[in-house]
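Chemist: Supplied structure: my_file-v3.txt, compact mmCIF, C-alpha atoms (C1' of nucleotides).
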```txt
# COMPACT_ATOMS: atom_id res chain seq x y z
CA MET A 1429 -22.81 -30.00 60.07
CA GLN A 1430 -23.63 -32.73 62.53
CA LYS A 1431 -24.13 -30.47 65.50
CA THR A 1432 -27.71 -29.29 65.44
CA ASP A 1433 -27.65 -28.03 68.98
CA SER A 1434 -27.31 -24.68 70.73
CA LEU A 1435 -29.29 -21.77 69.40
CA GLN A 1436 -31.61 -21.72 66.45
CA LYS A 1437 -33.91 -24.31 68.03
CA ARG A 1438 -36.95 -22.73 66.46
CA ALA A 1439 -39.94 -24.48 64.98
CA PHE A 1440 -37.78 -25.63 62.11
CA PRO A 1441 -34.45 -27.36 62.34
CA PRO A 1442 -31.39 -25.43 61.18
CA ARG A 1443 -31.38 -27.08 57.82
CA GLU A 1444 -29.07 -25.67 55.19
CA ILE A 1445 -30.36 -24.18 51.98
CA ASP A 1446 -29.28 -26.77 49.42
CA ALA A 1447 -29.17 -26.70 45.65
CA THR A 1448 -32.75 -27.90 45.33
CA ASP A 1449 -33.93 -25.11 47.60
CA ARG A 1450 -32.13 -22.59 45.44
CA LYS A 1451 -33.74 -23.97 42.31
CA ILE A 1452 -37.14 -23.68 43.96
CA LEU A 1453 -36.38 -20.16 45.12
CA GLY A 1454 -35.14 -19.23 41.68
CA GLU A 1455 -38.42 -20.28 40.12
CA LEU A 1456 -40.53 -18.57 42.75
CA ALA A 1457 -38.60 -15.33 42.54
CA ARG A 1458 -39.47 -15.10 38.84
CA ASP A 1459 -43.02 -16.44 39.03
CA ALA A 1460 -44.71 -17.49 42.23
CA SER A 1461 -47.94 -18.43 40.51
CA VAL A 1462 -46.76 -21.86 39.34
CA SER A 1463 -48.41 -24.87 40.88
CA PHE A 1464 -46.48 -27.13 43.22
CA ALA A 1465 -46.87 -29.94 40.72
CA ARG A 1466 -45.10 -27.97 37.98
CA LEU A 1467 -42.55 -26.70 40.42
CA GLY A 1468 -41.95 -30.28 41.42
CA GLU A 1469 -41.18 -31.50 37.94
CA ALA A 1470 -38.93 -28.48 37.40
CA VAL A 1471 -36.72 -29.53 40.30
CA GLY A 1472 -37.31 -33.28 40.24
CA LEU A 1473 -39.56 -33.66 43.26
CA SER A 1474 -43.16 -34.49 44.02
CA ALA A 1475 -45.67 -31.79 44.81
CA PRO A 1476 -45.91 -32.46 48.55
CA ALA A 1477 -42.15 -32.51 48.81
CA VAL A 1478 -41.79 -29.05 47.30
CA HIS A 1479 -44.66 -27.87 49.39
CA GLU A 1480 -42.87 -28.89 52.55
CA ARG A 1481 -39.67 -27.17 51.45
CA VAL A 1482 -41.50 -24.00 50.59
CA LYS A 1483 -43.25 -24.08 53.95
CA ARG A 1484 -39.89 -24.45 55.65
CA LEU A 1485 -38.32 -21.64 53.63
CA LYS A 1486 -41.18 -19.38 54.58
CA ALA A 1487 -40.84 -20.28 58.25
CA GLN A 1488 -37.10 -19.63 58.05
CA GLY A 1489 -37.80 -16.22 56.60
CA VAL A 1490 -35.96 -16.90 53.37
CA ILE A 1491 -39.23 -16.35 51.54
CA ARG A 1492 -40.53 -13.14 53.02
CA GLY A 1493 -43.83 -13.34 51.20
CA THR A 1494 -45.34 -13.52 47.77
CA VAL A 1495 -46.49 -10.23 46.33
CA ALA A 1496 -47.96 -8.88 43.12
CA HIS A 1497 -45.52 -6.78 41.15
CA LEU A 1498 -47.46 -3.73 39.98
CA ASP A 1499 -46.64 -1.40 37.11
CA GLY A 1500 -46.07 2.06 38.57
CA ALA A 1501 -46.62 3.90 35.32
CA ARG A 1502 -49.97 2.27 34.60
CA LEU A 1503 -51.04 3.05 38.15
CA GLY A 1504 -50.52 6.74 37.59
CA LYS A 1505 -47.03 7.00 39.10
CA PRO A 1506 -44.68 7.22 36.12
CA LEU A 1507 -41.94 9.14 37.91
CA LEU A 1508 -39.28 7.14 39.75
CA ALA A 1509 -36.55 8.86 41.71
CA PHE A 1510 -33.83 8.23 44.25
CA VAL A 1511 -33.50 10.86 46.95
CA HIS A 1512 -30.25 11.10 48.89
CA VAL A 1513 -30.76 12.80 52.22
CA THR A 1514 -27.98 14.37 54.25
CA THR A 1515 -28.92 14.83 57.89
CA LYS A 1516 -27.58 16.57 60.93
CA GLY A 1517 -26.27 13.96 63.33
CA TRP A 1518 -27.38 10.40 62.83
CA GLY A 1519 -30.28 10.39 60.46
CA LYS A 1520 -32.20 7.38 61.66
CA THR A 1521 -34.90 9.31 63.48
CA ARG A 1522 -38.51 8.41 63.94
CA ALA A 1523 -39.64 11.33 61.84
CA LEU A 1524 -37.60 10.20 58.86
CA MET A 1525 -38.75 6.63 59.24
CA SER A 1526 -42.36 7.77 59.19
CA LEU A 1527 -41.89 8.51 55.51
CA ALA A 1528 -42.62 4.82 55.15
CA ASP A 1529 -46.27 5.63 55.70
CA LEU A 1530 -46.44 7.27 52.29
CA PRO A 1531 -47.26 4.77 49.55
CA GLU A 1532 -44.98 6.73 47.24
CA VAL A 1533 -41.96 5.69 49.27
CA GLU A 1534 -40.73 2.23 48.33
CA GLU A 1535 -37.34 1.94 49.96
CA ILE A 1536 -35.45 3.56 52.83
CA HIS A 1537 -31.81 2.65 53.45
CA SER A 1538 -29.14 4.05 55.72
CA ALA A 1539 -26.07 4.39 53.58
CA THR A 1540 -22.39 5.15 53.53
CA GLY A 1541 -20.94 7.95 51.50
CA ASP A 1542 -21.64 11.61 51.98
CA THR A 1543 -25.31 10.83 52.22
CA CYS A 1544 -27.04 9.28 55.21
CA LEU A 1545 -30.27 8.04 53.72
CA ILE A 1546 -31.26 6.73 50.32
CA ILE A 1547 -34.96 6.83 49.58
CA LYS A 1548 -36.60 5.35 46.52
CA VAL A 1549 -39.84 7.06 45.59
CA ARG A 1550 -42.43 6.67 42.84
CA VAL A 1551 -44.77 9.59 42.25
CA ALA A 1552 -47.46 10.79 39.89
CA SER A 1553 -45.74 13.92 38.60
CA SER A 1554 -42.91 16.34 39.08
CA LEU A 1555 -45.29 18.37 41.20
CA ALA A 1556 -45.85 15.41 43.48
CA LEU A 1557 -42.10 14.91 43.66
CA GLU A 1558 -41.74 18.51 44.72
CA GLY A 1559 -44.40 17.98 47.36
CA LEU A 1560 -42.57 14.95 48.67
CA LEU A 1561 -39.26 16.76 48.79
CA SER A 1562 -40.87 19.59 50.65
CA ARG A 1563 -42.09 17.13 53.25
CA ILE A 1564 -38.61 15.79 53.62
CA TYR A 1565 -37.17 19.26 53.95
CA ASP A 1566 -39.73 20.08 56.61
CA LEU A 1567 -38.07 17.60 58.93
CA PRO A 1568 -35.67 19.48 61.23
CA GLU A 1569 -32.81 16.97 60.94
CA VAL A 1570 -32.61 17.24 57.17
CA ARG A 1571 -29.66 19.26 55.98
CA ALA A 1572 -29.80 18.67 52.24
CA THR A 1573 -31.13 16.35 49.57
CA GLN A 1574 -30.01 15.31 46.16
CA THR A 1575 -32.48 13.76 43.75
CA TYR A 1576 -31.78 11.46 40.84
CA VAL A 1577 -34.73 10.99 38.53
CA ALA A 1578 -34.90 7.72 36.64
CA LEU A 1579 -35.42 8.41 32.95
CA SER A 1580 -35.94 4.79 32.05
CA THR A 1581 -35.79 1.49 33.87
CA HIS A 1582 -34.05 -1.43 32.19
CA LEU A 1583 -34.26 -3.91 35.03
CA GLU A 1584 -36.23 -4.05 38.23
CA ARG A 1585 -36.66 -7.31 40.05
CA SER A 1586 -36.67 -8.86 43.48
CA PRO A 1587 -33.61 -10.50 45.09
CA GLN A 1588 -32.48 -13.53 43.12
CA ALA A 1589 -31.53 -16.85 44.64
CA GLU A 1590 -28.46 -17.44 42.46
CA VAL A 1591 -24.96 -16.29 43.36
CA THR A 1592 -22.15 -15.66 40.88
CA GLN A 1593 -19.20 -17.49 42.39
CA ALA A 1594 -16.71 -15.86 40.06
CA LEU A 1595 -17.20 -12.52 41.75
CA GLU A 1596 -15.49 -13.77 44.88
CA GLU A 1597 -12.40 -15.01 43.10
CA ALA A 1598 -9.24 -13.76 41.46
CA GLU A 1599 -9.46 -10.11 42.20
CA THR A 1600 -5.71 -10.04 42.74
CA LEU A 1601 -4.61 -9.26 39.22
CA ARG A 1602 -6.19 -5.92 38.62
CA MET B 2 -63.13 10.04 27.76
CA GLN B 3 -66.15 8.74 25.91
CA LYS B 4 -64.20 7.77 22.86
CA THR B 5 -63.23 4.14 23.24
CA ASP B 6 -62.17 3.75 19.66
CA SER B 7 -58.91 3.82 17.75
CA LEU B 8 -56.04 1.98 19.33
CA GLN B 9 -56.10 -0.07 22.51
CA LYS B 10 -58.60 -2.47 21.01
CA ARG B 11 -56.91 -5.38 22.73
CA ALA B 12 -58.59 -8.32 24.38
CA PHE B 13 -59.72 -6.04 27.17
CA PRO B 14 -61.62 -2.80 26.89
CA PRO B 15 -59.92 0.39 28.07
CA ARG B 16 -61.62 0.31 31.42
CA GLU B 17 -60.52 2.75 34.05
CA ILE B 18 -58.88 1.61 37.25
CA ASP B 19 -61.49 2.40 39.85
CA ALA B 20 -61.39 2.48 43.64
CA THR B 21 -62.24 -1.22 43.93
CA ASP B 22 -59.38 -2.10 41.62
CA ARG B 23 -57.01 -0.09 43.76
CA LYS B 24 -58.20 -1.89 46.87
CA ILE B 25 -57.61 -5.23 45.19
CA LEU B 26 -54.18 -4.13 44.00
CA GLY B 27 -53.34 -2.86 47.46
CA GLU B 28 -54.06 -6.25 48.95
CA LEU B 29 -52.18 -8.15 46.27
CA ALA B 30 -49.14 -5.89 46.51
CA ARG B 31 -48.83 -6.81 50.19
CA ASP B 32 -49.81 -10.48 49.93
CA ALA B 33 -50.68 -12.19 46.70
CA SER B 34 -51.27 -15.56 48.34
CA VAL B 35 -54.78 -14.80 49.53
CA SER B 36 -57.62 -16.69 47.95
CA PHE B 37 -60.09 -14.93 45.70
CA ALA B 38 -62.80 -15.63 48.24
CA ARG B 39 -60.95 -13.78 51.00
CA LEU B 40 -59.96 -11.04 48.61
CA GLY B 41 -63.61 -10.73 47.71
CA GLU B 42 -64.81 -10.15 51.23
CA ALA B 43 -61.99 -7.68 51.77
CA VAL B 44 -63.28 -5.48 48.97
CA GLY B 45 -66.98 -6.36 49.09
CA LEU B 46 -67.22 -8.53 46.00
CA SER B 47 -67.73 -12.18 45.20
CA ALA B 48 -64.88 -14.46 44.25
CA PRO B 49 -65.68 -14.63 40.52
CA ALA B 50 -66.01 -10.87 40.37
CA VAL B 51 -62.56 -10.27 41.82
CA HIS B 52 -61.21 -13.00 39.64
CA GLU B 53 -62.40 -11.23 36.56
CA ARG B 54 -60.96 -7.92 37.70
CA VAL B 55 -57.62 -9.48 38.49
CA LYS B 56 -57.60 -11.17 35.11
CA ARG B 57 -58.27 -7.84 33.47
CA LEU B 58 -55.60 -6.06 35.49
CA LYS B 59 -53.08 -8.69 34.46
CA ALA B 60 -54.06 -8.38 30.81
CA GLN B 61 -53.74 -4.60 31.04
CA GLY B 62 -50.26 -5.02 32.46
CA VAL B 63 -51.08 -3.29 35.72
CA ILE B 64 -50.18 -6.51 37.51
CA ARG B 65 -46.88 -7.48 35.99
CA GLY B 66 -46.69 -10.80 37.79
CA THR B 67 -46.61 -12.35 41.22
CA VAL B 68 -43.22 -13.13 42.67
CA ALA B 69 -41.74 -14.45 45.89
CA HIS B 70 -39.92 -11.78 47.85
CA LEU B 71 -36.70 -13.39 49.07
CA ASP B 72 -34.49 -12.31 51.94
CA GLY B 73 -31.10 -11.40 50.51
CA ALA B 74 -29.23 -11.76 53.77
CA ARG B 75 -30.52 -15.27 54.48
CA LEU B 76 -29.60 -16.25 50.95
CA GLY B 77 -26.00 -15.36 51.51
CA LYS B 78 -26.08 -11.87 50.00
CA PRO B 79 -26.10 -9.50 52.97
CA LEU B 80 -24.49 -6.58 51.19
CA LEU B 81 -26.74 -4.15 49.35
CA ALA B 82 -25.31 -1.24 47.39
CA PHE B 83 -26.23 1.40 44.84
CA VAL B 84 -23.64 2.02 42.15
CA HIS B 85 -23.77 5.27 40.22
CA VAL B 86 -22.01 4.96 36.89
CA THR B 87 -20.75 7.88 34.88
CA THR B 88 -20.20 7.01 31.24
CA LYS B 89 -18.61 8.50 28.20
CA GLY B 90 -21.33 9.54 25.80
CA TRP B 91 -24.77 8.08 26.29
CA GLY B 92 -24.46 5.15 28.66
CA LYS B 93 -27.27 2.94 27.44
CA THR B 94 -25.04 0.49 25.62
CA ARG B 95 -25.54 -3.19 25.15
CA ALA B 96 -22.52 -4.01 27.25
CA LEU B 97 -23.86 -2.12 30.24
CA MET B 98 -27.28 -3.63 29.86
CA SER B 99 -25.76 -7.12 29.90
CA LEU B 100 -25.06 -6.58 33.57
CA ALA B 101 -28.67 -7.68 33.95
CA ASP B 102 -27.44 -11.25 33.39
CA LEU B 103 -25.83 -11.23 36.81
CA PRO B 104 -28.23 -12.33 39.55
CA GLU B 105 -26.54 -9.84 41.86
CA VAL B 106 -27.88 -6.95 39.81
CA GLU B 107 -31.45 -6.11 40.74
CA GLU B 108 -32.10 -2.78 39.12
CA ILE B 109 -30.69 -0.69 36.27
CA HIS B 110 -31.99 2.81 35.64
CA SER B 111 -30.89 5.63 33.38
CA ALA B 112 -30.87 8.72 35.51
CA THR B 113 -30.51 12.45 35.57
CA GLY B 114 -27.89 14.21 37.60
CA ASP B 115 -24.17 13.91 37.12
CA THR B 116 -24.54 10.16 36.88
CA CYS B 117 -25.89 8.28 33.90
CA LEU B 118 -26.79 4.93 35.38
CA ILE B 119 -27.98 3.80 38.78
CA ILE B 120 -27.49 0.14 39.52
CA LYS B 121 -28.79 -1.66 42.57
CA VAL B 122 -26.75 -4.70 43.51
CA ARG B 123 -26.88 -7.32 46.25
CA VAL B 124 -23.73 -9.34 46.86
CA ALA B 125 -22.24 -11.88 49.22
CA SER B 126 -19.32 -9.83 50.51
CA SER B 127 -17.22 -6.77 50.04
CA LEU B 128 -14.93 -8.92 47.92
CA ALA B 129 -17.81 -9.79 45.66
CA LEU B 130 -18.73 -6.11 45.45
CA GLU B 131 -15.19 -5.35 44.40
CA GLY B 132 -15.41 -8.06 41.78
CA LEU B 133 -18.62 -6.58 40.44
CA LEU B 134 -17.16 -3.08 40.33
CA SER B 135 -14.18 -4.39 38.47
CA ARG B 136 -16.49 -5.88 35.86
CA ILE B 137 -18.21 -2.55 35.50
CA TYR B 138 -14.89 -0.73 35.17
CA ASP B 139 -13.82 -3.20 32.50
CA LEU B 140 -16.45 -1.81 30.18
CA PRO B 141 -14.85 0.78 27.89
CA GLU B 142 -17.62 3.36 28.17
CA VAL B 143 -17.39 3.60 31.94
CA ARG B 144 -15.68 6.74 33.14
CA ALA B 145 -16.26 6.54 36.88
CA THR B 146 -18.43 4.97 39.53
CA GLN B 147 -19.59 5.97 42.95
CA THR B 148 -20.87 3.35 45.35
CA TYR B 149 -23.26 3.79 48.26
CA VAL B 150 -23.40 0.79 50.57
CA ALA B 151 -26.64 0.27 52.48
CA LEU B 152 -25.90 -0.19 56.16
CA SER B 153 -29.44 -1.08 57.07
CA THR B 154 -32.73 -1.27 55.24
CA HIS B 155 -35.83 0.13 56.90
CA LEU B 156 -38.24 -0.34 54.06
CA GLU B 157 -38.19 -2.30 50.85
CA ARG B 158 -41.38 -3.08 49.02
CA SER B 159 -42.90 -3.24 45.58
CA PRO B 160 -44.86 -0.38 43.98
CA GLN B 161 -48.00 0.43 45.95
CA ALA B 162 -51.40 1.03 44.46
CA GLU B 163 -52.32 3.99 46.64
CA VAL B 164 -51.55 7.61 45.75
CA THR B 165 -51.22 10.46 48.22
CA GLN B 166 -53.35 13.20 46.72
CA ALA B 167 -52.00 15.85 49.07
CA LEU B 168 -48.62 15.71 47.36
CA GLU B 169 -50.05 17.29 44.24
CA GLU B 170 -51.61 20.24 46.02
CA ALA B 171 -50.73 23.51 47.68
CA GLU B 172 -47.04 23.64 47.05
CA THR B 173 -47.34 27.35 46.58
CA LEU B 174 -46.71 28.48 50.15
CA ARG B 175 -43.21 27.31 50.74
C1' DC C 799 -39.72 -38.10 50.22
C1' DG C 800 -43.52 -40.52 47.62
C1' DT C 801 -48.56 -42.08 47.47
C1' DG C 802 -53.27 -41.41 47.93
C1' DA C 803 -57.36 -38.95 49.61
C1' DA C 804 -60.00 -35.03 51.30
C1' DA C 805 -60.81 -30.27 51.55
C1' DT C 806 -60.21 -26.10 49.38
C1' DC C 807 -59.75 -23.21 45.60
C1' DG C 808 -59.76 -21.54 40.76
C1' DT C 809 -62.56 -20.78 36.78
C1' DG C 810 -65.93 -20.85 33.16
C1' DG C 811 -70.95 -20.53 31.88
C1' DG C 812 -75.52 -18.69 32.70
C1' DC C 813 -78.67 -15.50 34.88
C1' DG C 814 -80.22 -11.09 36.94
C1' DC C 815 -79.65 -6.18 37.76
C1' DG D 779 -71.84 -3.86 31.26
C1' DC D 780 -70.95 -5.94 35.58
C1' DG D 781 -71.47 -8.88 39.38
C1' DC D 782 -73.51 -13.13 41.66
C1' DC D 783 -74.70 -18.14 41.94
C1' DC D 784 -73.49 -22.68 40.78
C1' DA D 785 -70.70 -26.58 39.42
C1' DC D 786 -66.64 -29.03 37.74
C1' DG D 787 -61.82 -29.70 37.48
C1' DA D 788 -57.40 -28.62 39.47
C1' DT D 789 -54.67 -27.74 43.36
C1' DT D 790 -53.38 -27.63 47.98
C1' DT D 791 -52.40 -30.20 51.94
C1' DC D 792 -52.88 -33.81 55.25
C1' DA D 793 -51.96 -38.68 57.15
C1' DC D 794 -49.35 -42.73 56.29
C1' DG D 795 -45.71 -45.95 54.59
```
Give the structure from the file, written as structure tokens.
Modeler:
Amino acid sequence: MQKTDSLQKRAFPPREIDATDRKILGELARDASVSFARLGEAVGLSAPAVHERVKRLKAQGVIRGTVAHLDGARLGKPLLAFVHVTTKGWGKTRALMSLADLPEVEEIHSATGDTCLIIKVRVASSLALEGLLSRIYDLPEVRATQTYVALSTHLERSPQAEVTQALEEAETLR
Amino acid sequence: MQKTDSLQKRAFPPREIDATDRKILGELARDASVSFARLGEAVGLSAPAVHERVKRLKAQGVIRGTVAHLDGARLGKPLLAFVHVTTKGWGKTRALMSLADLPEVEEIHSATGDTCLIIKVRVASSLALEGLLSRIYDLPEVRATQTYVALSTHLERSPQAEVTQALEEAETLR
DNA sequence: CGTGAAATCGTGGGCGC
DNA sequence: GCGCCCACGATTTCACG
């Protein structure tokens, strides 16, 4: 890790994400409204020091932004569903991507398996879900869809900073 | 809706979420790091006024919290997958819910369809994914799983405040 | 990375509509 | 009831050692 040359000569040096960074990220992923002072004493640093790290992590793109986590049900969208879309040919067309313009659509992933696209949607009612599905079906490249309605949500959070090391090990004895 | 009596006599009155609230929520869902002053001029209100509304929305639970949105790939977890779990009997057992302790697990939903549980996971490698699946299979109530690996993500955001009214209407002519 | 200072912001009370 | 003005305390954020 001595060679800081070559690529990645952006505004910030190619510094590694160390344990302190991960602790900071862990806190911010759960609650980004803490002050830098409190964050500092949580990780054993002064406020300006954490501030500089956070600024660097933002510039590096590790922190993509800080957002308010809203409650879909209380906003009038109590129905959460995952829609699997099977397309003709390769499904990554502009028309399908334009579904992102709808505020009901929260995620769009290209996926393996017999489905090409996985879309996470949150809507006001089963009627609204039907309306959304009809829009999807209107697209010419859509061959079929399969919808899984979430009956209850037990966990829903943003990406966590921690990694479970044990998952990478000792898979040989199954 | 004149009757403000009975239950819901919490610290905050059962005020409706009006258009201004939705504008505020829309801003905060995209970027919660704006100052109240800027938020105020975005929605045509003074800083203390927005502050009070935000306080109310938090107390009502509409704003569940403000969190940092981290980039999974840059954190060493480039592999996103959805695992559908079919269980014996009703799958909502304590053992399955304890998967929430793993930082790799981001969402757990009970779902309709031929699957009982939908789990969203983000892991470091295919080996780690295998390790996670093996943990799931170790649970006695698990009958089968089906995994969809996300090849690329085109959209991933938190619940939005806006609602598309058109989705609720005129579904009769299909 | 810590210290100190300056600018900005959050936040409660009081008034007016 | 609801929002604006004002003021104080806390926080962010900069320059320096």
Chemist: Name all residues at most 12 Å from DC794 (chain D) (count only C-alpha atoms (C1' of nucleotides); drop same-chain ones fewer than 2 positions away) and give them as a list in words.
Modeler: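 Near neighbours after the sequence-gap exclusion: DG800, DT801, DG802 and DA803 of chain C; DC792 of chain D.
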Chemist: Got a sec to pull out which chain A residues are within 9 Å of chain C, counting only C-alpha atoms (C1' of nucleotides), and send them as a ChimeraX atom specification?
Modeler: /A:1473-1474,1476-1477
Chemist: For C-alpha atoms, I'd like the residues from the last selection saved as an mmCIF file, in the frame of the given file.
Modeler:
```cif
data_model
loop_
_atom_site.group_PDB
_atom_site.id
_atom_site.type_symbol
_atom_site.label_atom_id
_atom_site.label_comp_id
_atom_site.auth_asym_id
_atom_site.auth_seq_id
_atom_site.Cartn_x
_atom_site.Cartn_y
_atom_site.Cartn_z
ATOM 1 C CA LEU A 1473 -39.560 -33.660 43.260
ATOM 2 C CA SER A 1474 -43.160 -34.490 44.020
ATOM 3 C CA PRO A 1476 -45.910 -32.460 48.550
ATOM 4 C CA ALA A 1477 -42.150 -32.510 48.810
#
```
Chemist: Could you check which of B:Asp102, B:Glu170, B:Asp19, B:Glu53 is closest to chain D, using all atoms listed in the file?
Modeler: B:Glu53
Chemist: Might you pull out every residue within 9 Å of Leu1524 (chain A), with only C-alpha atoms (C1' of nucleotides) counted and same-chain residues fewer than 2 positions away left off, and present them as a list in words?
Modeler: Gly1519, Lys1520, Thr1521, Arg1522, Ser1526, Leu1527, Ala1528, Ile1564, Leu1567, Glu1569 and Val1570 of chain A
Chemist: Could you tell me which of A:Ala1465, A:Ala1475, A:Val1482, A:Leu1560 comes closest to chain B if we count all atoms listed in the file?
Modeler: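 Of A:Ala1465, A:Ala1475, A:Val1482, A:Leu1560, the one nearest chain B, counting all atoms listed in the file, is A:Leu1560.
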Chemist: Could you please tell me, as a ChimeraX atom specification, which residues of chain A have an atom within 6 Å of chain B when using all atoms listed in the file?
Modeler: /A:1456-1460,1490-1499,1502,1531,1534-1541,1555-1556,1559,1576-1585,1587-1588,1590,1595-1596
Chemist: List every residue of chain D that has an atom at most 9 Å from any atom of chain B, giving for each one its closest atom pair and the distance in Å to one decimal, counting all atoms listed in the file, sorted by chain and then by ascending residue number, as a tab-separated table.
Modeler:
```
residue	atom	partner	partner_atom	distance
D:DC780	C1'	B:Ala50	CA	8.5
D:DG781	C1'	B:Ala50	CA	5.9
D:DC782	C1'	B:Ser47	CA	6.8
```
Chemist: Please, what distance in Å, to one decimal, runs between CA of His85 (chain B) and CA of Thr146 (chain B)?
Modeler: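 Computing the Euclidean distance for CA of His85 (chain B) and CA of Thr146 (chain B) yields 5.4 Å.
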Chemist: Quick one, how far is CA of Ser1463 (chain A) from CA of Glu1444 (chain A)?
Modeler: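 These two atoms are separated by 24.1 Å.
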Chemist: Quote the spacing between CA of Tyr1565 (chain A) and CA of Leu80 (chain B) in Å to one decimal place.
Modeler: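 Answer for the CA of Tyr1565 (chain A) to CA of Leu80 (chain B) separation: 28.9 Å.
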Chemist: May I ask which of the residues A:Lys1451, A:Arg1466, A:Arg1443, A:Arg1571 is the closest one to DT789 (chain D), counting only C-alpha atoms (C1' of nucleotides)?
Modeler: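 Once distances to DT789 (chain D) are computed over only C-alpha atoms (C1' of nucleotides), the minimum belongs to A:Arg1466.
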Chemist: Just add N, CA and C atoms to region 44-57 of chain B and send it as a PDB file, in the frame of the given file.
Modeler:
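Heads up, here's the output in out_25.pdb:
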```
ATOM      1  N   VAL B  44     -62.897  -6.634  49.789  1.00  0.00           N
ATOM      2  CA  VAL B  44     -63.280  -5.480  48.970  1.00  0.00           C
ATOM      3  C   VAL B  44     -64.783  -5.429  48.707  1.00  0.00           C
ATOM      4  N   GLY B  45     -65.540  -6.382  49.252  1.00  0.00           N
ATOM      5  CA  GLY B  45     -66.980  -6.360  49.090  1.00  0.00           C
ATOM      6  C   GLY B  45     -67.453  -6.870  47.754  1.00  0.00           C
ATOM      7  N   LEU B  46     -66.837  -7.947  47.294  1.00  0.00           N
ATOM      8  CA  LEU B  46     -67.220  -8.530  46.000  1.00  0.00           C
ATOM      9  C   LEU B  46     -67.186 -10.061  46.132  1.00  0.00           C
ATOM     10  N   SER B  47     -67.781 -10.723  45.193  1.00  0.00           N
ATOM     11  CA  SER B  47     -67.730 -12.180  45.200  1.00  0.00           C
ATOM     12  C   SER B  47     -66.433 -12.660  44.544  1.00  0.00           C
ATOM     13  N   ALA B  48     -66.123 -13.911  44.775  1.00  0.00           N
ATOM     14  CA  ALA B  48     -64.880 -14.460  44.250  1.00  0.00           C
ATOM     15  C   ALA B  48     -64.779 -14.352  42.722  1.00  0.00           C
ATOM     16  N   PRO B  49     -65.798 -14.757  41.983  1.00  0.00           N
ATOM     17  CA  PRO B  49     -65.680 -14.630  40.520  1.00  0.00           C
ATOM     18  C   PRO B  49     -65.512 -13.192  40.062  1.00  0.00           C
ATOM     19  N   ALA B  50     -66.133 -12.273  40.768  1.00  0.00           N
ATOM     20  CA  ALA B  50     -66.010 -10.870  40.370  1.00  0.00           C
ATOM     21  C   ALA B  50     -64.573 -10.370  40.522  1.00  0.00           C
ATOM     22  N   VAL B  51     -63.961 -10.672  41.664  1.00  0.00           N
ATOM     23  CA  VAL B  51     -62.560 -10.270  41.820  1.00  0.00           C
ATOM     24  C   VAL B  51     -61.683 -10.987  40.816  1.00  0.00           C
ATOM     25  N   HIS B  52     -62.024 -12.242  40.592  1.00  0.00           N
ATOM     26  CA  HIS B  52     -61.210 -13.000  39.640  1.00  0.00           C
ATOM     27  C   HIS B  52     -61.178 -12.333  38.276  1.00  0.00           C
ATOM     28  N   GLU B  53     -62.357 -11.878  37.863  1.00  0.00           N
ATOM     29  CA  GLU B  53     -62.400 -11.230  36.560  1.00  0.00           C
ATOM     30  C   GLU B  53     -61.618  -9.921  36.549  1.00  0.00           C
ATOM     31  N   ARG B  54     -61.725  -9.174  37.631  1.00  0.00           N
ATOM     32  CA  ARG B  54     -60.960  -7.920  37.700  1.00  0.00           C
ATOM     33  C   ARG B  54     -59.459  -8.181  37.699  1.00  0.00           C
ATOM     34  N   VAL B  55     -59.056  -9.174  38.448  1.00  0.00           N
ATOM     35  CA  VAL B  55     -57.620  -9.480  38.490  1.00  0.00           C
ATOM     36  C   VAL B  55     -57.145  -9.927  37.113  1.00  0.00           C
ATOM     37  N   LYS B  56     -57.963 -10.724  36.447  1.00  0.00           N
ATOM     38  CA  LYS B  56     -57.600 -11.170  35.110  1.00  0.00           C
ATOM     39  C   LYS B  56     -57.433  -9.970  34.194  1.00  0.00           C
ATOM     40  N   ARG B  57     -58.352  -9.031  34.314  1.00  0.00           N
ATOM     41  CA  ARG B  57     -58.270  -7.840  33.470  1.00  0.00           C
ATOM     42  C   ARG B  57     -57.025  -7.020  33.792  1.00  0.00           C
TER      43      ARG B  57
END
```
